[in-house]
Structures are given as structure tokens and as C-alpha cells.
$ cat model.csv   # CSV, C-alpha atoms and all ligand atoms
chain,number,residue,atom,x,y,z
A,16,MET,CA,203.9,-28.9,-18.2
A,17,ILE,CA,207.5,-29.6,-19.3
A,18,THR,CA,209.2,-27.2,-21.7
A,19,ILE,CA,212.1,-28.5,-23.6
A,20,ILE,CA,214.5,-25.9,-24.9
A,21,THR,CA,217.1,-27.0,-27.5
A,22,LEU,CA,220.0,-24.9,-28.1
A,23,GLY,CA,222.0,-24.8,-31.3
A,24,THR,CA,220.6,-28.1,-32.6
A,25,ASN,CA,218.6,-26.7,-35.5
A,26,LEU,CA,221.2,-24.6,-37.1
A,27,GLY,CA,219.4,-24.5,-40.5
A,28,ALA,CA,216.6,-22.5,-39.0
A,29,LYS,CA,218.8,-20.0,-37.2
A,30,LYS,CA,218.6,-16.4,-38.5
A,31,ARG,CA,221.8,-14.5,-39.4
A,32,ASP,CA,222.9,-11.2,-38.0
A,33,ASP,CA,221.1,-9.3,-40.8
A,34,GLY,CA,218.0,-11.4,-40.4
A,35,ARG,CA,218.4,-13.6,-43.5
A,36,ALA,CA,217.8,-17.3,-43.6
A,37,PHE,CA,220.8,-19.5,-44.3
A,38,ASP,CA,219.8,-19.8,-48.0
A,39,GLU,CA,218.7,-16.3,-48.6
A,40,LEU,CA,220.3,-13.8,-50.9
A,41,ARG,CA,220.6,-10.1,-50.2
A,42,PRO,CA,218.2,-7.9,-52.1
A,43,LEU,CA,219.4,-7.6,-55.7
A,44,LYS,CA,218.6,-5.1,-58.4
A,45,ILE,CA,220.0,-5.0,-61.9
A,46,GLU,CA,219.5,-2.4,-64.7
A,47,ALA,CA,220.8,-2.8,-68.2
A,48,GLY,CA,221.9,0.0,-70.5
A,49,VAL,CA,222.6,2.8,-68.0
A,50,LEU,CA,225.5,4.6,-69.9
A,51,GLU,CA,225.2,6.4,-73.2
A,52,ARG,CA,228.8,6.3,-74.4
A,53,ALA,CA,229.6,2.6,-73.8
A,54,ASP,CA,228.5,-0.1,-76.2
A,55,GLY,CA,226.9,-1.9,-73.3
A,56,SER,CA,226.5,-1.3,-69.6
A,57,ALA,CA,224.8,-2.4,-66.4
A,58,TYR,CA,224.3,-1.2,-62.9
A,59,LEU,CA,223.8,-3.6,-60.0
A,60,GLU,CA,222.9,-3.3,-56.3
A,61,PHE,CA,223.4,-6.4,-54.2
A,62,GLY,CA,223.0,-5.8,-50.5
A,63,GLY,CA,225.4,-2.9,-49.8
A,64,ASN,CA,227.3,-3.4,-53.1
A,65,LYS,CA,226.9,-0.9,-55.9
A,66,VAL,CA,228.6,-1.9,-59.1
A,67,LEU,CA,228.7,-0.2,-62.5
A,68,VAL,CA,230.0,-2.1,-65.6
A,69,ALA,CA,230.8,-0.7,-69.1
A,70,VAL,CA,231.7,-2.8,-72.1
A,71,TYR,CA,233.3,-1.7,-75.4
A,72,GLY,CA,233.7,-3.9,-78.4
A,73,PRO,CA,234.2,-6.2,-80.0
A,74,ARG,CA,236.5,-3.9,-81.9
A,75,GLU,CA,239.7,-4.3,-83.8
A,76,SER,CA,242.8,-4.3,-81.6
A,77,HIS,CA,245.7,-2.2,-82.7
A,78,ILE,CA,247.9,-3.6,-79.9
A,79,ARG,CA,249.8,-6.7,-80.9
A,80,ARG,CA,249.8,-8.1,-77.4
A,81,PHE,CA,246.0,-8.4,-77.5
A,82,GLN,CA,245.6,-9.7,-81.1
A,83,ARG,CA,244.6,-13.4,-81.5
A,84,PRO,CA,244.4,-14.7,-85.1
A,85,ASP,CA,241.4,-16.9,-84.4
A,86,ARG,CA,239.4,-15.1,-81.7
A,87,ALA,CA,238.6,-12.0,-79.6
A,88,TYR,CA,240.6,-11.2,-76.6
A,89,ILE,CA,238.8,-10.3,-73.3
A,90,LYS,CA,240.3,-7.4,-71.3
A,91,CYS,CA,238.8,-6.9,-67.9
A,92,ARG,CA,239.6,-4.2,-65.3
A,93,TYR,CA,238.0,-4.6,-61.9
A,94,ASN,CA,238.4,-1.4,-59.9
A,95,MET,CA,237.4,-0.4,-56.4
A,96,ALA,CA,236.6,3.3,-56.0
A,97,PRO,CA,238.6,4.9,-53.1
A,98,PHE,CA,235.2,5.8,-51.5
A,99,SER,CA,233.8,2.3,-51.8
A,100,VAL,CA,235.0,1.1,-48.5
A,101,ASP,CA,235.2,2.4,-44.9
A,102,ASP,CA,238.9,3.1,-44.9
A,103,ARG,CA,239.6,5.1,-48.1
A,104,LYS,CA,241.2,2.7,-50.6
A,105,ARG,CA,244.3,3.8,-52.3
A,106,PRO,CA,243.5,4.5,-55.9
A,107,GLY,CA,244.9,2.3,-58.6
A,108,PRO,CA,245.5,-1.4,-59.1
A,109,ASP,CA,246.7,-3.7,-56.4
A,110,ARG,CA,247.3,-7.4,-56.1
A,111,ARG,CA,243.7,-8.1,-55.2
A,112,SER,CA,242.2,-6.1,-58.1
A,113,ILE,CA,244.6,-7.7,-60.6
A,114,GLU,CA,243.6,-11.1,-59.4
A,115,ILE,CA,239.9,-10.3,-59.6
A,116,SER,CA,240.3,-8.8,-63.1
A,117,LYS,CA,241.9,-12.0,-64.2
A,118,ILE,CA,239.4,-14.4,-62.7
A,119,THR,CA,236.5,-12.3,-64.0
A,120,ALA,CA,237.8,-12.4,-67.6
A,121,GLU,CA,238.3,-16.2,-67.2
A,122,ALA,CA,234.8,-16.6,-65.7
A,123,LEU,CA,233.1,-14.7,-68.6
A,124,GLN,CA,235.2,-16.1,-71.5
A,125,PRO,CA,233.6,-19.5,-71.8
A,126,ALA,CA,230.2,-17.9,-72.4
A,127,ILE,CA,231.4,-15.6,-75.2
A,128,ILE,CA,231.6,-16.7,-78.8
A,129,LEU,CA,235.1,-15.4,-79.2
A,130,GLU,CA,235.8,-17.1,-82.6
A,131,LYS,CA,233.4,-14.7,-84.3
A,132,PHE,CA,235.8,-11.8,-83.8
A,133,PRO,CA,239.4,-12.6,-84.7
A,134,ARG,CA,242.0,-10.0,-83.9
A,135,SER,CA,239.4,-8.1,-81.8
A,136,VAL,CA,239.3,-7.0,-78.2
A,137,ILE,CA,236.4,-6.7,-75.8
A,138,ASP,CA,237.0,-4.3,-72.9
A,139,ILE,CA,235.1,-4.8,-69.7
A,140,TYR,CA,235.3,-2.1,-67.0
A,141,ILE,CA,234.0,-3.0,-63.6
A,142,GLU,CA,233.7,-0.1,-61.1
A,143,VAL,CA,232.8,-0.9,-57.6
A,144,LEU,CA,231.2,2.2,-56.2
A,145,GLU,CA,230.3,0.7,-52.8
A,146,ALA,CA,231.5,-2.6,-51.4
A,147,GLU,CA,229.9,-4.8,-48.8
A,148,GLY,CA,231.3,-8.3,-49.5
A,149,GLY,CA,231.0,-10.4,-52.6
A,150,THR,CA,232.1,-7.7,-55.1
A,151,ARG,CA,233.8,-10.2,-57.5
A,152,CYS,CA,230.5,-12.1,-57.9
A,153,ALA,CA,228.5,-8.9,-58.2
A,154,GLY,CA,231.0,-7.7,-60.9
A,155,ILE,CA,230.7,-11.0,-62.9
A,156,THR,CA,226.9,-11.0,-62.8
A,157,ALA,CA,226.7,-7.3,-63.9
A,158,ALA,CA,229.4,-7.7,-66.6
A,159,SER,CA,227.4,-10.5,-68.2
A,160,VAL,CA,224.4,-8.2,-68.5
A,161,ALA,CA,226.6,-5.4,-69.9
A,162,LEU,CA,228.0,-7.8,-72.5
A,163,ALA,CA,224.5,-8.8,-73.5
A,164,ASP,CA,223.5,-5.2,-73.7
A,165,ALA,CA,226.5,-4.5,-76.0
A,166,GLY,CA,225.2,-7.2,-78.3
A,167,VAL,CA,228.2,-9.5,-77.8
A,168,PRO,CA,227.1,-13.0,-78.9
A,169,MET,CA,227.1,-15.4,-76.0
A,170,LYS,CA,226.2,-19.1,-75.5
A,171,ASP,CA,224.6,-18.2,-72.2
A,172,MET,CA,224.8,-15.6,-69.4
A,173,VAL,CA,227.3,-16.0,-66.6
A,174,VAL,CA,226.0,-15.7,-63.0
A,175,ALA,CA,228.1,-15.6,-59.9
A,176,CYS,CA,227.3,-16.0,-56.2
A,177,ALA,CA,229.2,-17.1,-53.1
A,178,ALA,CA,228.4,-19.4,-50.2
A,179,GLY,CA,230.5,-19.9,-47.1
A,180,LYS,CA,230.7,-20.9,-43.5
A,181,VAL,CA,229.7,-18.6,-40.7
A,182,ASN,CA,229.3,-19.7,-37.0
A,183,ASP,CA,229.8,-23.3,-38.1
A,184,GLU,CA,226.9,-23.1,-40.6
A,185,VAL,CA,227.0,-23.2,-44.4
A,186,VAL,CA,225.2,-20.1,-45.6
A,187,LEU,CA,224.5,-18.3,-48.9
A,188,ASP,CA,225.9,-15.0,-50.1
A,189,LEU,CA,228.2,-13.7,-47.3
A,190,SER,CA,227.9,-10.0,-46.3
A,191,GLU,CA,231.2,-8.1,-45.5
A,192,ALA,CA,230.7,-8.7,-41.8
A,193,GLU,CA,230.1,-12.4,-42.3
A,194,ASP,CA,233.1,-12.6,-44.7
A,195,LYS,CA,235.3,-11.0,-42.1
A,196,ASP,CA,234.2,-13.1,-39.1
A,197,GLY,CA,233.4,-16.2,-41.1
A,198,GLN,CA,235.3,-19.4,-41.5
A,199,ALA,CA,235.1,-19.8,-45.3
A,200,ASP,CA,234.0,-18.1,-48.5
A,201,VAL,CA,233.4,-20.0,-51.8
A,202,PRO,CA,232.6,-17.7,-54.8
A,203,VAL,CA,231.2,-19.6,-57.8
A,204,ALA,CA,230.2,-18.6,-61.3
A,205,ILE,CA,228.2,-20.8,-63.7
A,206,LEU,CA,226.5,-20.8,-67.1
A,207,PRO,CA,223.0,-21.6,-65.8
A,208,ARG,CA,221.8,-23.5,-68.9
A,209,SER,CA,224.6,-26.1,-69.0
A,210,GLY,CA,225.6,-25.8,-65.3
A,211,GLU,CA,229.2,-25.4,-66.4
A,212,ILE,CA,231.3,-23.9,-63.6
A,213,THR,CA,233.6,-21.0,-64.8
A,214,LEU,CA,234.8,-19.8,-61.4
A,215,LEU,CA,235.4,-21.7,-58.2
A,216,GLN,CA,237.5,-20.3,-55.4
A,217,SER,CA,237.7,-21.3,-51.8
A,218,ASP,CA,239.1,-19.2,-49.0
A,219,GLY,CA,239.1,-20.8,-45.5
A,220,ASN,CA,238.5,-24.2,-44.1
A,221,LEU,CA,235.6,-26.5,-45.0
A,222,THR,CA,235.1,-30.3,-44.7
A,223,PRO,CA,234.4,-32.1,-48.0
A,224,ASP,CA,230.7,-32.3,-46.9
A,225,GLU,CA,230.6,-28.6,-46.1
A,226,PHE,CA,232.3,-27.8,-49.4
A,227,GLU,CA,229.6,-29.8,-51.3
A,228,LYS,CA,226.9,-28.0,-49.4
A,229,ALA,CA,228.4,-24.6,-50.1
A,230,LEU,CA,228.7,-25.4,-53.8
A,231,ASP,CA,225.1,-26.6,-54.0
A,232,LEU,CA,223.9,-23.5,-52.2
A,233,ALA,CA,226.0,-21.1,-54.4
A,234,VAL,CA,224.6,-22.8,-57.5
A,235,LYS,CA,221.0,-22.4,-56.2
A,236,GLY,CA,221.8,-18.7,-55.5
A,237,CYS,CA,223.1,-18.4,-59.1
A,238,MET,CA,219.9,-19.7,-60.5
A,239,GLU,CA,217.9,-17.1,-58.6
A,240,ILE,CA,220.2,-14.4,-59.8
A,241,SER,CA,219.9,-15.6,-63.3
A,242,ASP,CA,216.1,-14.8,-63.3
A,243,ILE,CA,216.9,-11.2,-62.2
A,244,GLN,CA,219.5,-10.9,-65.0
A,245,LYS,CA,216.9,-12.0,-67.5
A,246,GLU,CA,214.4,-9.6,-66.1
A,247,ALA,CA,216.9,-6.7,-66.4
A,248,LEU,CA,217.4,-7.5,-70.2
A,249,LYS,CA,213.6,-7.9,-70.7
A,250,ASN,CA,213.0,-4.5,-69.1
A,251,ARG,CA,215.4,-2.9,-71.5
A,252,TYR,CA,214.6,-4.8,-74.7
A,253,GLY,CA,211.2,-6.4,-74.1
A,254,GLU,CA,210.4,-10.1,-74.4
B,301,LIG,N1,237.2,-4.8,-48.7
B,301,LIG,C1,237.6,-3.6,-48.1
B,301,LIG,N2,238.8,-3.1,-48.5
B,301,LIG,C2,239.6,-3.6,-49.5
B,301,LIG,C3,239.1,-4.8,-50.1
B,301,LIG,C4,237.9,-5.4,-49.6
B,301,LIG,O1,236.9,-3.1,-47.2
B,301,LIG,O2,240.6,-3.1,-49.9
B,301,LIG,C5,235.9,-5.4,-48.2
B,301,LIG,C6,234.8,-5.2,-49.3
B,301,LIG,O3,233.6,-4.9,-48.7
B,301,LIG,C7,234.8,-6.5,-50.0
B,301,LIG,C8,235.0,-7.4,-48.8
B,301,LIG,O4,236.0,-6.8,-48.0
B,301,LIG,O5,233.6,-6.8,-50.6
B,301,LIG,C9,235.5,-8.8,-49.1
B,301,LIG,O6,236.6,-8.8,-50.0
B,301,LIG,P1,237.2,-10.0,-50.8
B,301,LIG,O7,238.6,-9.7,-51.1
B,301,LIG,O8,236.8,-11.3,-50.1
B,301,LIG,O9,236.4,-9.9,-52.2
B,301,LIG,P2,234.8,-9.9,-52.5
B,301,LIG,O10,234.1,-10.7,-51.5
B,301,LIG,O11,234.4,-8.5,-52.6
B,301,LIG,O12,234.7,-10.5,-53.8
$ encode --input "model.csv" --output "C-alpha cells" --more "lines below"
Ligand code: UDP
Amino acid sequence: MITIITLGTNLGAKKRDDGRAFDELRPLKIEAGVLERADGSAYLEFGGNKVLVAVYGPRESHIRRFQRPDRAYIKCRYNMAPFSVDDRKRPGPDRRSIEISKITAEALQPAIILEKFPRSVIDIYIEVLEAEGGTRCAGITAASVALADAGVPMKDMVVACAAGKVNDEVVLDLSEAEDKDGQADVPVAILPRSGEITLLQSDGNLTPDEFEKALDLAVKGCMEISDIQKEALKNRYGE
């Protein structure tokens, strides 16, 4: 009998370090309405990420800088708790959190019917309690549920998920270890109904083919996450 052993030719079937298939998300749990004081809130666990989001508003802004005559202004603060990572993070904003706050507001904005609330502000506070790779996507996904919980009128939810390249293979939803050792990370946010992309970043090197594959995979991941978002709102408000 001849046994043929092929090594590394069927990369799509290879398991990852944490046992996931190339197109498999980490376990995801979302709960809407977890805070009493905020107008809307959500708590999300995604693999080793734990993220809490609070939303206030829309409410009249008394600060000139945030007043728009024709629409509401979205203010977003993404914050990583000092205890959210292995090496204690220095408290307070840094370049990374300022960037993530900005791209998160921009990813959510197209879904919100801003024209309904001139001169108003909507505050979104994203607190990363534990981080394990992919916190910007986790924050956007949870913020969208918190906005819906606050009753903010939206055209659609916003869902975010990353894909990337690890060990020369395009995979869905990179863990922290994969992000650190990997070759590329592509976070994507979409409005699932229209397919409109509201966030697309790319860190690392990908061929055009790999980029296409990563984008497709991330969009598929978003569609799965979208069902869990809907479930979270159903659990809170019924059908
Ligand atoms: N991270 C960390 N310390 C930091 C920033 C990030 O340990 O100060 C970890 C954290 O687990 C994060 C991951 O590195 O999720 C990847 O960070 P990145 O900047 O790529 O953003 P993310 O993937 O969280 O959106």
C-alpha cells in the first residue's frame, strides 16, 4: 500500500492555533441595555474581548464646536482600561485611541439619521475592559446595538469584523496572537442591508487577490455577527 502525505497544499483545511477553521469567528455574545443610567448600552464578549458601550442622546449641544445647524454631531470616545491588556496600559487617550475613536464615529455615522436632530450631539463611550485583538470591530458592533437601545433612529445597524493573513493564509477574525505574528489585518464595517462599507483599513501586506479574499471573508463574518446583534435586540425588546 502506498501512503501519500501532502504537506501544506490544502491550506484552507488547516486549523489555526486556537483550533478555529480559516473562516470561523471567535465565540460572540452581545447583551443590550445593561446600564441603568445611560440612554442606551450594550455589553459584548468576542473571544477574549470584553467591551461595554454607553450612549447618551441625541440631546441639545451647548458647546458651539459640536453644533451643526442641519444635523446631529457624533462624539465617540474609545478607551482601553489600564487592566485590559497584559502590560498595564497608561490611562488616558493616546494616538491609537484617538484614531479608533475617529474611525468608529465615521463608521457609525452613515447609519444614523442625523438630520432628525439639528444642533444635537450623540455621545458614544466605548470601554474596552479586556482586549484580545479586534477591539475596534468589537467596539463598533457593540456601539451599534447601544445606539439602537437608546432609540436613535438608524437606516441599518453597523457591523464590523476583520480578516487578515496569518501563516500565508487569509483567515477571518484575527486573535491578538494572530494579529501580532500575522502578515496583515483588514478591519471592515458594513451596513448589512445595503452592503455599504463604512470602515476599511489595511495594516500589512496583501496581494490584490488576498485583499479581495480578506474583504469577502470579513463581509461574511459581518453577516454572521449581524444575526447576533439582532438576537440581542430581540432578547431585550421582543420580536
Ligand atoms: N494591544 C495591547 N496594548 C495596547 C494596544 C493594543 O496589548 O496598548 C493589543 C490588544 O489586544 C489589541 C491588539 O493588541 O486588541 C491589537 O491592537 P490593534 O491596534 O491592532 O487594534 P484592534 O485589533 O484591537 O482593533
$ closest_atom_pairs --input "model.csv" --of "range 122-159 of chain A" --to "range 47-69 of chain A" --cutoff "10 Å" --atoms "all atoms listed in the file" --output "Markdown table"
| residue | atom | partner | partner_atom | distance |
| --- | --- | --- | --- | --- |
| A:Asp138 | CA | A:Ala69 | CA | 8.1 |
| A:Ile139 | CA | A:Ala69 | CA | 6.0 |
| A:Tyr140 | CA | A:Ala69 | CA | 5.2 |
| A:Ile141 | CA | A:Val68 | CA | 4.6 |
| A:Glu142 | CA | A:Leu67 | CA | 5.2 |
| A:Val143 | CA | A:Val66 | CA | 4.6 |
| A:Leu144 | CA | A:Lys65 | CA | 5.3 |
| A:Glu145 | CA | A:Lys65 | CA | 4.9 |
| A:Ala146 | CA | A:Asn64 | CA | 4.6 |
| A:Glu147 | CA | A:Gly63 | CA | 5.0 |
| A:Gly148 | CA | A:Asn64 | CA | 7.3 |
| A:Gly149 | CA | A:Asn64 | CA | 7.9 |
| A:Thr150 | CA | A:Asn64 | CA | 6.7 |
| A:Arg151 | CA | A:Val66 | CA | 9.9 |
| A:Cys152 | CA | A:Phe61 | CA | 9.8 |
| A:Ala153 | CA | A:Phe61 | CA | 6.9 |
| A:Gly154 | CA | A:Val66 | CA | 6.5 |
| A:Ile155 | CA | A:Val68 | CA | 9.3 |
| A:Thr156 | CA | A:Leu59 | CA | 8.5 |
| A:Ala157 | CA | A:Ala57 | CA | 5.8 |
| A:Ala158 | CA | A:Val68 | CA | 5.7 |
| A:Ser159 | CA | A:Ala57 | CA | 8.7 |
$ closest_residue --input "model.csv" --among "A:Val203, A:Val160, A:Ala229, A:Leu43" --to "ligand LIG 301 (chain B)" --atoms "all atoms listed in the file"
A:Val203
$ residues_around --input "model.csv" --residues "range 81-83 of chain A" --least-positions-apart "2" --cutoff "7 Å" --atoms "all atoms listed in the file" --output "list in words"
Ser76, Ile78, Arg79, Asp85, Arg86, Ala87, Tyr88, Pro133, Arg134, Ser135 and Val136 of chain A
$ write_last_selection --input "model.csv" --atoms "C-alpha atoms" --output "tab-separated table (two decimals), in the frame of the given file"
chain	number	residue	atom	x	y	z
A	76	SER	CA	242.80	-4.30	-81.60
A	78	ILE	CA	247.90	-3.60	-79.90
A	79	ARG	CA	249.80	-6.70	-80.90
A	85	ASP	CA	241.40	-16.90	-84.40
A	86	ARG	CA	239.40	-15.10	-81.70
A	87	ALA	CA	238.60	-12.00	-79.60
A	88	TYR	CA	240.60	-11.20	-76.60
A	133	PRO	CA	239.40	-12.60	-84.70
A	134	ARG	CA	242.00	-10.00	-83.90
A	135	SER	CA	239.40	-8.10	-81.80
A	136	VAL	CA	239.30	-7.00	-78.20
$ residues_around --input "model.csv" --residues "range 190-198 of chain A" --least-positions-apart "2" --cutoff "9 Å" --atoms "all atoms listed in the file" --output "PyMOL selection string"
chain A and resi 32-33+41+62-63+146-149+179-183+188+200+218-221
$ closest_residue --input "model.csv" --among "A:Ile89, A:Leu162, A:Leu129, A:Leu230" --to "Pro202 in chain A" --atoms "all atoms listed in the file"
A:Leu230
$ atom_distance --input "model.csv" --atom1 "CA of Asp242 in chain A" --atom2 "CA of Gln124 in chain A"
20.8 Å
$ atom_distance --input "model.csv" --atom1 "atom C9 of ligand LIG 301 (chain B)" --atom2 "CA of Arg103 in chain A"
14.5 Å
$ atom_distance --input "model.csv" --atom1 "atom C4 of ligand LIG 301 (chain B)" --atom2 "CA of Ala175 in chain A"
17.5 Å
$ residues_around --input "model.csv" --residues "Ser241 in chain A" --least-positions-apart "5" --cutoff "9 Å" --atoms "only C-alpha atoms" --output "PDB file with C-alpha atoms, in the frame of the given file"
ATOM      1  CA  THR A 156     226.900 -11.000 -62.800  1.00  0.00           C
ATOM      2  CA  MET A 172     224.800 -15.600 -69.400  1.00  0.00           C
ATOM      3  CA  VAL A 173     227.300 -16.000 -66.600  1.00  0.00           C
ATOM      4  CA  VAL A 174     226.000 -15.700 -63.000  1.00  0.00           C
ATOM      5  CA  ALA A 175     228.100 -15.600 -59.900  1.00  0.00           C
ATOM      6  CA  PRO A 207     223.000 -21.600 -65.800  1.00  0.00           C
ATOM      7  CA  GLY A 236     221.800 -18.700 -55.500  1.00  0.00           C
ATOM      8  CA  GLU A 246     214.400  -9.600 -66.100  1.00  0.00           C
TER       9      GLU A 246
END
$ closest_residue --input "model.csv" --among "A:Gly253, A:Pro84, A:Pro73, A:Pro106" --to "Ile128 in chain A" --atoms "all atoms listed in the file"
A:Pro73
$ closest_residue --input "model.csv" --among "A:Lys131, A:Leu189, A:Arg74, A:Pro168" --to "ligand LIG 301 (chain B)" --atoms "all atoms listed in the file"
A:Leu189
$ closest_residue --input "model.csv" --among "A:Glu184, A:Phe37, A:Val201, A:Lys44" --to "ligand LIG 301 (chain B)" --atoms "only C-alpha atoms and all ligand atoms"
A:Val201
$ decode --input "model.csv" --residues "range 159-174 of chain A" --atoms "N, CA, C and O atoms" --output "mmCIF file, in the first residue's frame"
data_model
loop_
_atom_site.group_PDB
_atom_site.id
_atom_site.type_symbol
_atom_site.label_atom_id
_atom_site.label_comp_id
_atom_site.auth_asym_id
_atom_site.auth_seq_id
_atom_site.Cartn_x
_atom_site.Cartn_y
_atom_site.Cartn_z
ATOM 1 N N SER A 159 -23.273 49.984 17.885
ATOM 2 C CA SER A 159 -24.467 49.974 17.048
ATOM 3 C C SER A 159 -25.668 49.446 17.839
ATOM 4 O O SER A 159 -26.779 49.996 17.758
ATOM 5 N N VAL A 160 -25.440 48.403 18.640
ATOM 6 C CA VAL A 160 -26.519 47.849 19.476
ATOM 7 C C VAL A 160 -26.909 48.867 20.548
ATOM 8 O O VAL A 160 -28.105 49.073 20.820
ATOM 9 N N ALA A 161 -25.931 49.555 21.133
ATOM 10 C CA ALA A 161 -26.222 50.557 22.167
ATOM 11 C C ALA A 161 -27.004 51.732 21.576
ATOM 12 O O ALA A 161 -27.903 52.280 22.224
ATOM 13 N N LEU A 162 -26.685 52.121 20.341
ATOM 14 C CA LEU A 162 -27.430 53.206 19.676
ATOM 15 C C LEU A 162 -28.881 52.795 19.464
ATOM 16 O O LEU A 162 -29.811 53.577 19.714
ATOM 17 N N ALA A 163 -29.080 51.562 19.007
ATOM 18 C CA ALA A 163 -30.453 51.064 18.809
ATOM 19 C C ALA A 163 -31.172 51.014 20.147
ATOM 20 O O ALA A 163 -32.356 51.383 20.246
ATOM 21 N N ASP A 164 -30.477 50.591 21.194
ATOM 22 C CA ASP A 164 -31.071 50.508 22.536
ATOM 23 C C ASP A 164 -31.467 51.903 23.040
ATOM 24 O O ASP A 164 -32.441 52.048 23.776
ATOM 25 N N ALA A 165 -30.722 52.925 22.611
ATOM 26 C CA ALA A 165 -31.040 54.305 23.006
ATOM 27 C C ALA A 165 -32.199 54.870 22.179
ATOM 28 O O ALA A 165 -32.640 55.994 22.419
ATOM 29 N N GLY A 166 -32.638 54.121 21.190
ATOM 30 C CA GLY A 166 -33.742 54.582 20.338
ATOM 31 C C GLY A 166 -33.299 55.582 19.290
ATOM 32 O O GLY A 166 -34.125 56.318 18.740
ATOM 33 N N VAL A 167 -32.018 55.624 18.993
ATOM 34 C CA VAL A 167 -31.514 56.535 17.960
ATOM 35 C C VAL A 167 -31.967 55.997 16.593
ATOM 36 O O VAL A 167 -31.712 54.829 16.280
ATOM 37 N N PRO A 168 -32.669 56.817 15.787
ATOM 38 C CA PRO A 168 -33.158 56.283 14.504
ATOM 39 C C PRO A 168 -32.009 55.999 13.528
ATOM 40 O O PRO A 168 -31.155 56.846 13.313
ATOM 41 N N MET A 169 -32.042 54.779 13.005
ATOM 42 C CA MET A 169 -30.966 54.365 12.092
ATOM 43 C C MET A 169 -31.534 53.696 10.846
ATOM 44 O O MET A 169 -32.583 53.059 10.908
ATOM 45 N N LYS A 170 -30.806 53.867 9.732
ATOM 46 C CA LYS A 170 -31.191 53.207 8.483
ATOM 47 C C LYS A 170 -30.952 51.713 8.600
ATOM 48 O O LYS A 170 -31.611 50.891 7.995
ATOM 49 N N ASP A 171 -29.901 51.358 9.330
ATOM 50 C CA ASP A 171 -29.483 49.970 9.482
ATOM 51 C C ASP A 171 -28.528 49.897 10.654
ATOM 52 O O ASP A 171 -28.059 50.932 11.135
ATOM 53 N N MET A 172 -28.223 48.702 11.100
ATOM 54 C CA MET A 172 -27.172 48.532 12.105
ATOM 55 C C MET A 172 -25.818 48.641 11.405
ATOM 56 O O MET A 172 -25.748 48.580 10.174
ATOM 57 N N VAL A 173 -24.766 48.798 12.178
ATOM 58 C CA VAL A 173 -23.415 48.719 11.614
ATOM 59 C C VAL A 173 -22.737 47.513 12.267
ATOM 60 O O VAL A 173 -22.846 47.328 13.477
ATOM 61 N N VAL A 174 -22.097 46.709 11.441
ATOM 62 C CA VAL A 174 -21.421 45.510 11.940
ATOM 63 C C VAL A 174 -19.975 45.553 11.496
ATOM 64 O O VAL A 174 -19.687 45.922 10.352
#
